Amino acid sequence: MKWFALKMLFGDVAKFYGILLGLTFASLLISQQSSIFVGLMSRTVGFVRDTGQADLWIFDRDKLFVDDQKPLRDTEVDRVRSVSGVAWAVPLFKGLLSAKLPSGERETCDVIGIDDATLIGGPPTMIEGRIEDLRRPEAIVIDETSRAGKLALPAELAPGDVLFDFDPNDRSVVRRPMQVGDVLELNERRAVVVGIARTTPTFQNQPVIYTTYSRAKQFAPANRRTASLVLVKALDGVDPSELARRIEADTGLLAMTPDEFSWRTLDYWVSQTGIPINFGIAIMLGFLVGVAIAGQMFYNFTLDNLKYFGAMKAMGASTQRLLGMVALQASVAAFLGLGIGLGMTSLFGLNVAGDRLAFRMVWQIPVITAVAVVIICVGSAVLSMIRVVRLDPSEVFKT
Amino acid sequence: MTPDPGAGSVAIRLRGVTKTFGRGDNAVPALRGADLDAMYGHVTFLVGPSGCGKTTLISIVAGLLHRDGGELSVLGEDLSTMSRGVLTRWRSENVGFIFQAFNLIPQLTIAENVSVPLVIRGARRRDAVRKAAEILEKMGLGGRERSSPNKLSGGQQQRVAIARSLVHDPHILVCDEPTSALDASVGRRVMELIAGVARQPDRAVLVVTHDDRIFPFADRIVHMDDGRVTQTEDRR
C-alpha cells in the first residue's frame with residue numbers, strides 16, 4: 001500500500017507540485033529569514049568573539065551593548081589593575097570616526113584602539129602585514145571586507161597619492177581595493193595602512209580600522225573619557241566570575257565574561273529594537289504561506305482521494321492502513337519540501353557568505369524549520385485523517 | 001463457520017432485516033423487514049425505485065453496515081457478531097465490489113488497480129500485479145496493463161473494475177449499477193462478462209440495477225419497494 005500511496009501522491013502532478021512549492025517556499029522563508037536574523041545578531045557581538053584574549057570585559061554600568069558609547073576615564077584602567085587576581089588589564093577604544101579617503105570621499109569607520117604595549121585586543125587574523133606594524137608612525141590596519149568595498153579607491157590612484165577632482169558619483173570609475181601604503185585621514189590626521197585583517201563584519205557594515213590606543217585618542221575628538229572598555233585577564237587559578245564580582249565591588253563598573261557581555265548585547269538588540277518583530281513577521285508569513293498553500297492543498301488532495309480510500313476501505317483495508325498511507329504521503333511531502341527549501345537557503349548562504357548580507361545558519365534553524373514544516377504537514381494530515389477515519393465504507397455506493 | 005459453496009445452495013439469507021438511519025424525529029427507515037435468498041452460482045438482481053433500500057441491503061450483505069434487526073446469514077456467518085477488525089478482514093477475503101463510478105485510482109496503472117484487493121490481503125505487490133495481469137488478459141485487456149485508467153473507454157474501465165472485483169476469488173460479488181454509466185451495447189457486453197466470468201459455483205452475484213435492458217442476464221430478480229422485498233422472480 002506504501003507504493004500505491006506514493007504513486008497517488010506523485011501521480012497527482014498539479015497538487016503534488018503545489019504542495020511541494022508551498023512547503024519549499026515556507027522552509028525557504030523560515031530558514032532564510034532566521035539565518036539572516038541570526039547573522040545580523042551575530043554581527044552585534046562579532047567584536048567580542050574576535051577579541052579572544054580577555055577573560056573579562058569591564059565597562060560603564062550604563063553601557064547596554066558593545067557599541068554603546070559610555071566612555072571611561074583612563075584612570076579606571078589603573079583601578080581595575082589594582083584589584084587582586086587581575087593578571088593584566090588594558091584599555092580599549094572603540095568608536096565611530098569619519099575617515100576621508102584619498103579620493104576625497106568620506107566614510108564612517110569603526111575605529112578600535114588597542115593597548116600600545118601589548119597590542120592585546122587586536123584582530124583575530126592578519127592576512128597582510130603584521131599586527132606589530134601598528135607601532136610604526138600613523139599606522140592603521142583595515143579589514144578585508146571593506147578594502148574592496150566601502151574603502152575601495154579609483155584604480156588610477158597610486159598608494160600614497162591623493163585625488164583632488166574625483167567625482168564619487170561617477171559609476172564608470174574602475175576601483176581597486178585599498179592596500180598597504182594607502183593614506184587616509186581620520187579627524188584631519190594622517191593615517192597609513194600597514195596591514196589587512198580578517199574580522200567579523202559589523203552590524204552596520206562600517207569599515208573596521210585597528211590602531212593603537214594612544215593614536216586612537218589622537219584621532220578621536222578631545223574628551224576626558226576616552227576608554228570604551230577595559231580588557232582583563234585573570235591570574236592563573238582565579239575564577240573569572242569571582243574576579244568580576246571583586247572588580248564590580250572595588251570600581252563600581254560592570255565586569256562580565258565574553259559570553260555574558262555578548263548576551264547583554266544580544267538582549268539589547270532583541271528587546272530594544274524592532275528587528276526581531278520584523279523578522280518574526282517574515283518568518284510567520286512563511287509559516288502561514290505553508291499552511292495556506294501546502295496545508296490546504298494536501299487536505300484537498302486527500303479529499304479528492306476520499307472516494308478511493310472509501311473503495312479500499314470497502315475492499316477490506318483497515319482504517320490504520322489508510323491512515324498510514326496518508327501519513328506516508330504527508331511525510332514524503334514534508335521531507336522533500338523541507339530538503340529543497342533548506343537546500344535553497346544553504347545555496348543562498350553560500351553565495352552571500354562574507355558579503356554585505358549577514359547570514360548565519362546555526363544548527364537550530366534547520367531543526368526549527370523542520371518543526372514548522374512538520375506542524376504544517378501533521379496539521380493538514382490530521383484533518384485529512386479525520387475524514388478518512390469518519391469515512392463510512394458504505395458511502396462508496398453513493399456517487 | 002466456513003462457507004458451504006455449491007451451485008444452488010443458499011449463500012445469502014435475510015429474514016425480516018430492518019435498518020433505520022437517524023434517531024427520533026429524524027429517523028428514516030431504509031429496510032422494514034427485508035427477506036432475501038441468494039444462491040451460489042446465481043446472478044441475483046435487486047431492482048426497484050430509488051430509495052427503496054437496495055443499496056442499504058447490499059451494504060449489509062457486504063459487511064459495510066450492521067442491521068438493526070432480523071436474521072442475516074452470509075456465507076454461513078452472522079456478520080453482526082464480528083468485531084470491526086474481523087469484519088474488515090472478512091470483507092477482504094470474501095467480497096468483491098463493482099461500483100457505478102468504477103472508482104479506479106487514476107494515478108495507478110490498470111494492473112495496479114486490479115492488484116489492490118490482493119495487496120490489501122497482504123500479497124507482495126509484484127506477485128499481485130502479475131496475477132492482475134493474468135486476469136486482465138482474460139478480460140481482453142492484455143498488453144494494456146501499464147495503461148492509465150483515464151486512457152480507457154467507459155466499457156474498458158468497467159472491465160478493469162470487474163477484474164479488480166474478481167482477482168481475489170471472492171465468494172460474493174456485489175455490483176452497484178454496473179451499467180448505468182455505459183451505453184446500451186457496452187452495458188450489455190459488461191453484463192455478459194459478469195454473467196460469464198463472475199458466475200461460478202462457489203460465488204453468489206448480487207446486482208443492483210435500474211437498467212431493465214440487462215434483466216435477461218439475471219437468474220433471479222428481487223423487486224423491492226419501501227424497504228421490503230415485494231416480489232421474487234426466478235428466471236431459471
# chains A, B, ... in the order shown; residues from 1 in each chain; ligands from 1
$ interface_residues --of "chain B" --to "chain A" --cutoff "7 Å" --atoms "only C-alpha atoms" --output "list in words"
Thr55, Ser59, Leu64, Leu65, Thr88, Arg89, Arg91, Ser92, Phe99, Ala101, Asn103, Ile105, Gln107, Leu108, Pro117, Val119, Ile120 and Asp176 of chain B
$ residues_around --residues "Asp259 (chain A)" --least-positions-apart "2" --cutoff "10 Å" --atoms "only C-alpha atoms" --output "ChimeraX atom specification"
/A:45,48-49,55-57,256-257,261-265
$ write_last_selection --atoms "C-alpha atoms" --output "compact mmCIF listing (two decimals), in the first residue's frame"
# COMPACT_ATOMS: atom_id res chain seq x y z
CA VAL A 45 28.74 40.63 19.11
CA VAL A 48 33.62 40.31 21.35
CA ARG A 49 34.20 37.00 19.56
CA ASP A 55 38.67 36.71 30.47
CA LEU A 56 36.61 39.75 31.41
CA TRP A 57 35.23 42.87 29.78
CA MET A 256 31.40 40.39 32.50
CA THR A 257 32.82 37.32 30.80
CA PHE A 261 28.76 40.57 27.52
CA SER A 262 27.58 39.00 24.24
CA TRP A 263 24.24 38.05 25.78
CA ARG A 264 23.85 41.55 27.27
CA THR A 265 24.39 42.97 23.80
$ closest_residue --among "A:Val378, A:Ile368, A:Ala255, A:Leu229" --to "Gly95 (chain A)" --atoms "only C-alpha atoms"
A:Leu229
$ closest_residue --among "B:Phe102, B:Arg67, B:Phe217, B:Gly196" --to "Ser153 (chain B)" --atoms "only C-alpha atoms"
B:Phe102
$ select_by_dssp --residues "region 118-194 of chain A" --states "strand (DSSP E)" --output "PyMOL selection string"
chain A and resi 125-128+139-143+153-154+175-176+183-186+189-194
$ closest_residue --among "B:Leu36, B:Leu14, B:Cys52, B:Ile110" --to "Leu79 (chain B)" --atoms "only C-alpha atoms"
B:Leu14
$ residues_around --residues "Arg106 (chain A)" --least-positions-apart "3" --cutoff "12 Å" --atoms "only C-alpha atoms" --output "list in words"
Leu97, Ser98, Ala99, Lys100, Leu101, Pro102, Ser103, Cys109, Lys150, Leu151, Ala152, Leu153, Pro168, Leu184, Glu185, Leu186, Asn187, Glu188, Gln206 and Pro207 of chain A
$ write_last_selection --atoms "N, CA and C atoms" --output "PDB file, in the first residue's frame"
ATOM      1  N   LEU A  97      34.370  57.018  13.784  1.00  0.00           N
ATOM      2  CA  LEU A  97      35.037  58.239  13.346  1.00  0.00           C
ATOM      3  C   LEU A  97      34.874  58.376  11.842  1.00  0.00           C
ATOM      4  N   SER A  98      34.897  59.632  11.371  1.00  0.00           N
ATOM      5  CA  SER A  98      34.771  59.858   9.934  1.00  0.00           C
ATOM      6  C   SER A  98      36.160  59.809   9.288  1.00  0.00           C
ATOM      7  N   ALA A  99      36.282  58.992   8.265  1.00  0.00           N
ATOM      8  CA  ALA A  99      37.559  58.884   7.553  1.00  0.00           C
ATOM      9  C   ALA A  99      37.427  59.567   6.197  1.00  0.00           C
ATOM     10  N   LYS A 100      38.467  60.311   5.834  1.00  0.00           N
ATOM     11  CA  LYS A 100      38.488  60.916   4.499  1.00  0.00           C
ATOM     12  C   LYS A 100      39.448  60.094   3.645  1.00  0.00           C
ATOM     13  N   LEU A 101      38.948  59.533   2.566  1.00  0.00           N
ATOM     14  CA  LEU A 101      39.759  58.675   1.709  1.00  0.00           C
ATOM     15  C   LEU A 101      40.595  59.536   0.764  1.00  0.00           C
ATOM     16  N   PRO A 102      41.659  58.983   0.187  1.00  0.00           N
ATOM     17  CA  PRO A 102      42.494  59.778  -0.723  1.00  0.00           C
ATOM     18  C   PRO A 102      41.733  60.232  -1.970  1.00  0.00           C
ATOM     19  N   SER A 103      40.592  59.627  -2.234  1.00  0.00           N
ATOM     20  CA  SER A 103      39.758  60.063  -3.354  1.00  0.00           C
ATOM     21  C   SER A 103      38.902  61.265  -2.975  1.00  0.00           C
ATOM     22  N   CYS A 109      33.860  55.053   9.978  1.00  0.00           N
ATOM     23  CA  CYS A 109      34.573  53.805  10.266  1.00  0.00           C
ATOM     24  C   CYS A 109      34.515  53.486  11.751  1.00  0.00           C
ATOM     25  N   LYS A 150      33.647  49.509   0.804  1.00  0.00           N
ATOM     26  CA  LYS A 150      33.478  50.927   1.098  1.00  0.00           C
ATOM     27  C   LYS A 150      34.790  51.709   1.042  1.00  0.00           C
ATOM     28  N   LEU A 151      35.913  51.014   1.205  1.00  0.00           N
ATOM     29  CA  LEU A 151      37.195  51.726   1.181  1.00  0.00           C
ATOM     30  C   LEU A 151      37.909  51.611  -0.175  1.00  0.00           C
ATOM     31  N   ALA A 152      37.247  50.996  -1.162  1.00  0.00           N
ATOM     32  CA  ALA A 152      37.897  50.831  -2.479  1.00  0.00           C
ATOM     33  C   ALA A 152      38.193  52.205  -3.093  1.00  0.00           C
ATOM     34  N   LEU A 153      39.295  52.275  -3.823  1.00  0.00           N
ATOM     35  CA  LEU A 153      39.762  53.552  -4.378  1.00  0.00           C
ATOM     36  C   LEU A 153      39.773  53.497  -5.906  1.00  0.00           C
ATOM     37  N   PRO A 168      32.722  61.199  -6.845  1.00  0.00           N
ATOM     38  CA  PRO A 168      32.363  59.894  -6.261  1.00  0.00           C
ATOM     39  C   PRO A 168      31.102  59.297  -6.860  1.00  0.00           C
ATOM     40  N   LEU A 184      44.972  57.696   4.397  1.00  0.00           N
ATOM     41  CA  LEU A 184      43.674  58.353   4.571  1.00  0.00           C
ATOM     42  C   LEU A 184      43.742  59.272   5.787  1.00  0.00           C
ATOM     43  N   GLU A 185      42.676  60.021   6.004  1.00  0.00           N
ATOM     44  CA  GLU A 185      42.653  60.951   7.133  1.00  0.00           C
ATOM     45  C   GLU A 185      41.546  60.555   8.103  1.00  0.00           C
ATOM     46  N   LEU A 186      41.909  60.571   9.409  1.00  0.00           N
ATOM     47  CA  LEU A 186      40.912  60.342  10.450  1.00  0.00           C
ATOM     48  C   LEU A 186      40.895  61.586  11.325  1.00  0.00           C
ATOM     49  N   ASN A 187      39.777  62.285  11.285  1.00  0.00           N
ATOM     50  CA  ASN A 187      39.666  63.528  12.060  1.00  0.00           C
ATOM     51  C   ASN A 187      40.828  64.466  11.726  1.00  0.00           C
ATOM     52  N   GLU A 188      41.077  64.623  10.452  1.00  0.00           N
ATOM     53  CA  GLU A 188      42.109  65.536   9.932  1.00  0.00           C
ATOM     54  C   GLU A 188      43.533  65.058  10.238  1.00  0.00           C
ATOM     55  N   GLN A 206      30.129  48.990   8.793  1.00  0.00           N
ATOM     56  CA  GLN A 206      31.159  50.023   8.608  1.00  0.00           C
ATOM     57  C   GLN A 206      32.527  49.357   8.458  1.00  0.00           C
ATOM     58  N   PRO A 207      33.445  50.046   7.770  1.00  0.00           N
ATOM     59  CA  PRO A 207      34.832  49.567   7.737  1.00  0.00           C
ATOM     60  C   PRO A 207      35.400  49.555   9.164  1.00  0.00           C
TER      61      PRO A 207
END
$ residues_around --residues "Thr369 (chain A)" --least-positions-apart "3" --cutoff "7 Å" --atoms "only C-alpha atoms" --output "list in words"
Ser27, Ile30, Ser31, Ile365, Pro366, Ala372 and Val373 of chain A
$ write_last_selection --atoms "N, CA and C atoms" --output "PDB file, in the first residue's frame"
ATOM      1  N   SER A  27       9.692  26.610   3.945  1.00  0.00           N
ATOM      2  CA  SER A  27      11.015  26.258   4.513  1.00  0.00           C
ATOM      3  C   SER A  27      12.037  27.322   4.153  1.00  0.00           C
ATOM      4  N   ILE A  30      11.289  30.614   6.145  1.00  0.00           N
ATOM      5  CA  ILE A  30      11.549  30.462   7.585  1.00  0.00           C
ATOM      6  C   ILE A  30      13.054  30.353   7.831  1.00  0.00           C
ATOM      7  N   SER A  31      13.734  29.473   7.086  1.00  0.00           N
ATOM      8  CA  SER A  31      15.153  29.248   7.357  1.00  0.00           C
ATOM      9  C   SER A  31      16.010  30.429   6.893  1.00  0.00           C
ATOM     10  N   ILE A 365      18.415  26.267  13.329  1.00  0.00           N
ATOM     11  CA  ILE A 365      17.499  26.789  12.299  1.00  0.00           C
ATOM     12  C   ILE A 365      16.878  25.658  11.471  1.00  0.00           C
ATOM     13  N   PRO A 366      17.670  24.695  10.941  1.00  0.00           N
ATOM     14  CA  PRO A 366      17.015  23.580  10.245  1.00  0.00           C
ATOM     15  C   PRO A 366      16.050  22.819  11.144  1.00  0.00           C
ATOM     16  N   ALA A 372       8.451  23.449  12.014  1.00  0.00           N
ATOM     17  CA  ALA A 372       7.369  24.236  11.396  1.00  0.00           C
ATOM     18  C   ALA A 372       6.727  23.446  10.252  1.00  0.00           C
ATOM     19  N   VAL A 373       7.564  22.831   9.407  1.00  0.00           N
ATOM     20  CA  VAL A 373       7.037  22.070   8.266  1.00  0.00           C
ATOM     21  C   VAL A 373       6.262  20.850   8.757  1.00  0.00           C
TER      22      VAL A 373
END
$ residues_around --residues "Ala54 (chain A)" --least-positions-apart "4" --cutoff "6 Å" --atoms "only C-alpha atoms" --output "PyMOL selection string"
chain A and resi 231-233
$ select_by_dssp --residues "region 206-312 of chain A" --states "helix (DSSP H, G or I)" --output "ChimeraX atom specification"
/A:213-219,240-251,258-272,275-312
$ residues_around --residues "Val95 (chain B)" --least-positions-apart "4" --cutoff "6 Å" --atoms "only C-alpha atoms" --output "ChimeraX atom specification"
/B:91,170,172-173
$ residues_around --residues "region 130-146 of chain B" --least-positions-apart "5" --cutoff "8 Å" --atoms "only C-alpha atoms" --output "list in words"
Thr109, Ile110, Ala111, Glu112, Val114, Ser115, Gln156, Arg159, Val160, Ala163, Arg164, Val167 and Leu193 of chain B
$ write_last_selection --atoms "N, CA and C atoms" --output "PDB file, in the first residue's frame"
ATOM      1  N   THR B 109      -1.560   2.294 -12.540  1.00  0.00           N
ATOM      2  CA  THR B 109      -1.831   1.606 -13.808  1.00  0.00           C
ATOM      3  C   THR B 109      -3.038   0.699 -13.595  1.00  0.00           C
ATOM      4  N   ILE B 110      -3.583   0.195 -14.710  1.00  0.00           N
ATOM      5  CA  ILE B 110      -4.778  -0.646 -14.537  1.00  0.00           C
ATOM      6  C   ILE B 110      -4.402  -1.955 -13.822  1.00  0.00           C
ATOM      7  N   ALA B 111      -3.190  -2.464 -14.059  1.00  0.00           N
ATOM      8  CA  ALA B 111      -2.770  -3.692 -13.362  1.00  0.00           C
ATOM      9  C   ALA B 111      -2.651  -3.426 -11.866  1.00  0.00           C
ATOM     10  N   GLU B 112      -2.122  -2.260 -11.520  1.00  0.00           N
ATOM     11  CA  GLU B 112      -2.005  -1.927 -10.091  1.00  0.00           C
ATOM     12  C   GLU B 112      -3.384  -1.773  -9.462  1.00  0.00           C
ATOM     13  N   VAL B 114      -6.069  -3.313 -10.374  1.00  0.00           N
ATOM     14  CA  VAL B 114      -6.646  -4.656 -10.208  1.00  0.00           C
ATOM     15  C   VAL B 114      -5.992  -5.383  -9.028  1.00  0.00           C
ATOM     16  N   SER B 115      -4.715  -5.058  -8.772  1.00  0.00           N
ATOM     17  CA  SER B 115      -3.990  -5.777  -7.717  1.00  0.00           C
ATOM     18  C   SER B 115      -4.347  -5.299  -6.306  1.00  0.00           C
ATOM     19  N   GLN B 156     -14.162  -0.237 -21.073  1.00  0.00           N
ATOM     20  CA  GLN B 156     -12.892  -0.841 -20.669  1.00  0.00           C
ATOM     21  C   GLN B 156     -12.625  -0.614 -19.177  1.00  0.00           C
ATOM     22  N   ARG B 159     -14.506  -3.042 -17.292  1.00  0.00           N
ATOM     23  CA  ARG B 159     -13.887  -4.374 -17.354  1.00  0.00           C
ATOM     24  C   ARG B 159     -12.745  -4.473 -16.353  1.00  0.00           C
ATOM     25  N   VAL B 160     -11.980  -3.367 -16.221  1.00  0.00           N
ATOM     26  CA  VAL B 160     -10.901  -3.335 -15.219  1.00  0.00           C
ATOM     27  C   VAL B 160     -11.505  -3.486 -13.823  1.00  0.00           C
ATOM     28  N   ALA B 163     -12.365  -6.994 -13.255  1.00  0.00           N
ATOM     29  CA  ALA B 163     -11.138  -7.750 -12.968  1.00  0.00           C
ATOM     30  C   ALA B 163     -10.717  -7.529 -11.516  1.00  0.00           C
ATOM     31  N   ARG B 164     -10.795  -6.282 -11.055  1.00  0.00           N
ATOM     32  CA  ARG B 164     -10.411  -5.975  -9.670  1.00  0.00           C
ATOM     33  C   ARG B 164     -11.322  -6.698  -8.674  1.00  0.00           C
ATOM     34  N   VAL B 167     -10.244 -10.592  -8.719  1.00  0.00           N
ATOM     35  CA  VAL B 167      -8.847 -11.033  -8.674  1.00  0.00           C
ATOM     36  C   VAL B 167      -8.545 -11.874  -7.439  1.00  0.00           C
ATOM     37  N   LEU B 193     -19.945 -10.257 -19.482  1.00  0.00           N
ATOM     38  CA  LEU B 193     -18.713 -10.588 -18.780  1.00  0.00           C
ATOM     39  C   LEU B 193     -19.008 -11.004 -17.337  1.00  0.00           C
TER      40      LEU B 193
END
$ atom_distance --atom1 "CA of Thr232 (chain B)" --atom2 "CA of Gly69 (chain B)"
21.6 Å
$ closest_residue --among "B:Asp35, B:Lys151, B:Gly51, B:His171" --to "Val74 (chain B)" --atoms "only C-alpha atoms"
B:His171
$ closest_residue --among "A:Thr212, A:Asn169, A:Gln179, A:Thr200" --to "Ile140 (chain A)" --atoms "only C-alpha atoms"
A:Thr212
$ atom_distance --atom1 "CA of Ile114 (chain A)" --atom2 "CA of Ile247 (chain A)"
21.1 Å
$ closest_residue --among "A:Asp67, A:Asp182, A:Leu350, A:Gly252" --to "Gln204 (chain A)" --atoms "only C-alpha atoms"
A:Asp67
